[in-house]
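Shown next, in structure tokens, is the structure this report addresses.
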Amino acid sequence: MRRPPPLPTPPAGPAEGAPRRRAQSARGRARDVEQDEQAGGRVAPLRPEPEVAAETAEDAAVRPTSTRDVWRAARARRRALRAEIRRFTQRSRRRRIVWLSAIGAVVLLIGGTTAAAYSPLFAVEKITVLGATTLDAAAVEAALAEQVGTPLALVDSSEVKAALLAFPLIETYALEAKPPHDLTVRIVERTPVGVIRSDAGYTVVDAAGVALATTSDQPAGQPVLEIDGGTDSVAFESAGLVVRSVPADVRALLTGVSATTADDVTLTLSSGLTVVWGSSEDSPMKSEVLTKTLLSNPEASTIDVTSPHAVVVG
């Protein structure tokens, strides 16, 4: 029996033409097999052709991907990227950690030290006064007793100054903190140059004209100053410099100092010797010349060292 020709198939699109043609071809062959069986012929069983397997793989390839698969793939890609970044930046991260740790340790050390310095752990418990010869050191320490209990870093220098103003003999001072509990006060006493006689008695003054004490009797070892213009004059300034420049043995013999100007300072010794000093210029040289002249002329009544290069002995 003759097989009828297959029916024409409609044209397929470019995307699905090949799979559809293969499916139609498979159905056509299956129909031919049925017709042959009805005619009584023997036909070998159909075997899956490679085209069917290819169709299944291609269908699986074009199968749409779900949102979850896309999200999982993106997350895996991000994890891999982070792992690579960590691997390549491991050395810089380690260096950064070391620097941050060092800076943190320094800040902690400074902060702890500052906090401890301003805490009662370093409070003043003992005050020591050094440099006092004429003054009573215990009296000065008692005047500064209000600073006991104050942290060393918070000792108020203005309060210390106000307390030391009660001691005119103190010319300068310096504070030294000695942790954990000691405060040392180093003072420099004023050096008296003589006394000024007045109705109130005898006032001891230093080279700057600062009154140190007033007594009714003349203090021993202090010459009487007879200066025109008082303690604020240039004559007094020059006389004060001269008294501080004379040798120690001559200073012990001084009984009077007079000056009308800055250039005619005259000294009177207990032996009756008069020393015409002149101005305070070249005082160290004049002091040396005076010592040599006294040794060579013990019977002199006057010595003029106004010009140290031409000493006049009378």
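We label chains A, B, ... in the order they appear in the structure tokens, count residues from 1 in each chain, and number ligands from 1 in the order shown.
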Tell me, as JSON, numbers by chain, which residues lie within 8 Å of segment 251-259 of chain A, counting only C-alpha atoms; anything in the same chain fewer than 3 positions away does not count. {"A": [221, 222, 223, 224, 225, 226, 227, 228, 235, 236, 239, 243, 246, 247, 248, 262, 263, 264, 265, 266, 267, 268, 269, 270, 271]}
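Excluding segment 195-208 of chain A itself and same-chain residues fewer than 4 positions from it, the residues having an atom within 7 Å of it are Arg190, Thr191, Leu212, Ala213, Thr214, Thr215, Ser216, Asp217, Gln218, Gln222, Pro223, Val224, Leu225, Glu237, Gly240 and Leu241 of chain A, counting only C-alpha atoms.
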Residues from last step as file, C-alpha atoms, as an mmCIF file, in the first residue's frame:
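Full text of result_18.cif as output:
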data_model
loop_
_atom_site.group_PDB
_atom_site.id
_atom_site.type_symbol
_atom_site.label_atom_id
_atom_site.label_comp_id
_atom_site.auth_asym_id
_atom_site.auth_seq_id
_atom_site.Cartn_x
_atom_site.Cartn_y
_atom_site.Cartn_z
ATOM 1 C CA ARG A 190 68.762 90.789 99.526
ATOM 2 C CA THR A 191 72.213 92.081 100.461
ATOM 3 C CA LEU A 212 64.600 95.659 104.793
ATOM 4 C CA ALA A 213 64.211 96.628 108.445
ATOM 5 C CA THR A 214 64.116 99.648 110.747
ATOM 6 C CA THR A 215 65.777 99.759 114.156
ATOM 7 C CA SER A 216 66.355 102.448 116.762
ATOM 8 C CA ASP A 217 70.067 101.716 116.951
ATOM 9 C CA GLN A 218 72.539 101.433 114.109
ATOM 10 C CA GLN A 222 76.195 98.461 108.313
ATOM 11 C CA PRO A 223 77.627 101.831 107.122
ATOM 12 C CA VAL A 224 75.589 105.023 107.210
ATOM 13 C CA LEU A 225 74.553 106.145 103.705
ATOM 14 C CA GLU A 237 72.331 103.508 92.510
ATOM 15 C CA GLY A 240 74.994 100.687 95.997
ATOM 16 C CA LEU A 241 77.012 99.165 93.147
#
Leaving out Ala139 of chain A and any residue of its chain fewer than 5 positions from it, which residues lie within 12 Å of it when counting only C-alpha atoms, given as JSON, numbers by chain? {"A": [127, 128, 129, 132, 134, 144, 145, 163, 164, 166, 167]}
Quick one: residues within 10 Å of Thr306 of chain A, only C-alpha atoms, excluding same-chain residues fewer than 3 positions away - as a ChimeraX atom specification? /A:263-266,275-283,286,303,309-312
Store the residues of this selection in a file with N, CA and C atoms, as a short mmCIF file (atom, residue, chain, number, x, y, z; two decimals), in the first residue's frame.
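Once written, part_25.cif looks like this:
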data_model
loop_
_atom_site.label_atom_id
_atom_site.label_comp_id
_atom_site.auth_asym_id
_atom_site.auth_seq_id
_atom_site.Cartn_x
_atom_site.Cartn_y
_atom_site.Cartn_z
N ASP A 263 79.20 110.20 90.20
CA ASP A 263 80.64 110.12 89.90
C ASP A 263 81.53 110.49 91.08
N ASP A 264 80.98 110.67 92.28
CA ASP A 264 81.85 111.06 93.41
C ASP A 264 81.54 110.25 94.67
N VAL A 265 81.43 108.95 94.51
CA VAL A 265 81.18 108.07 95.65
C VAL A 265 82.45 108.02 96.50
N THR A 266 82.26 108.23 97.83
CA THR A 266 83.39 108.24 98.76
C THR A 266 83.10 107.28 99.91
N VAL A 275 88.42 106.66 101.09
CA VAL A 275 88.66 106.13 99.74
C VAL A 275 87.75 106.87 98.79
N VAL A 276 88.36 107.60 97.86
CA VAL A 276 87.61 108.30 96.82
C VAL A 276 87.46 107.33 95.64
N TRP A 277 86.25 106.86 95.46
CA TRP A 277 86.01 105.81 94.45
C TRP A 277 85.61 106.40 93.11
N GLY A 278 84.88 107.46 93.12
CA GLY A 278 84.38 108.03 91.86
C GLY A 278 83.10 107.34 91.43
N SER A 279 82.99 107.00 90.16
CA SER A 279 81.79 106.32 89.64
C SER A 279 81.91 104.81 89.85
N SER A 280 80.83 104.12 89.50
CA SER A 280 80.83 102.65 89.64
C SER A 280 81.48 101.95 88.47
N GLU A 281 81.96 102.70 87.49
CA GLU A 281 82.63 102.08 86.34
C GLU A 281 83.99 101.52 86.77
N ASP A 282 84.36 100.41 86.15
CA ASP A 282 85.63 99.73 86.43
C ASP A 282 85.78 99.36 87.91
N SER A 283 84.65 99.07 88.56
CA SER A 283 84.71 98.74 89.99
C SER A 283 85.55 97.51 90.29
N LYS A 286 89.11 98.68 90.25
CA LYS A 286 89.37 99.59 91.36
C LYS A 286 89.49 98.80 92.67
N ILE A 303 93.04 107.47 99.79
CA ILE A 303 93.41 106.76 98.56
C ILE A 303 92.37 107.11 97.50
N HIS A 309 94.26 103.40 86.89
CA HIS A 309 95.60 103.32 86.30
C HIS A 309 96.53 104.39 86.91
N ALA A 310 95.95 105.32 87.67
CA ALA A 310 96.78 106.36 88.31
C ALA A 310 96.24 106.62 89.72
N VAL A 311 96.60 105.76 90.66
CA VAL A 311 96.10 105.83 92.02
C VAL A 311 96.84 106.96 92.75
N VAL A 312 96.09 107.74 93.50
CA VAL A 312 96.68 108.83 94.29
C VAL A 312 96.56 108.48 95.76
#
Mind the document's chain letters and residue numbers, and return as a ChimeraX atom specification the residues of segment 191-266 of chain A that DSSP labels strand (DSSP E). /A:192-198,201-206,211-215,224-227,254-259,265-266
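With only C-alpha atoms as the atoms that count, the minimum distance from Leu130 of chain A to the choices A:Ala102, A:Leu183, A:Ala211, A:Leu295 is reached by A:Leu183.
For the pair atom CA of Ala123 of chain A and atom CA of Pro180 of chain A, the separation is 7.2 Å.
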Fewer than 2 positions away in the same chain doesn't count, so skip those; otherwise give me all residues within 9 Å of segment 156-161 of chain A, counting only C-alpha atoms, as JSON, numbers by chain. {"A": [143, 144, 147, 153, 154, 163, 164, 165, 173, 175]}
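The neighbours of Pro151 of chain A here are the residues that come within 7 Å of it, using only C-alpha atoms and leaving out any residue fewer than 2 positions away in the same chain; they are Tyr118, Ser119, Pro120, Phe122, Ala123, Val124, Gly149, Ala153, Leu154 and Val155 of chain A.
Of the listed residues A:Val193, A:Leu109, A:Phe88, A:Val140, the one whose atoms come nearest to Ser238 of chain A is A:Val193, with distances taken using only C-alpha atoms.
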Would you pick out the contacts of Ser301 of chain A at 7 Å or less, using only C-alpha atoms, so that residues sharing its chain but fewer than 3 positions from it are not included, and give the list as a list of chain:residue names? A:Gly272, A:Leu273, A:Thr274, A:Gly314
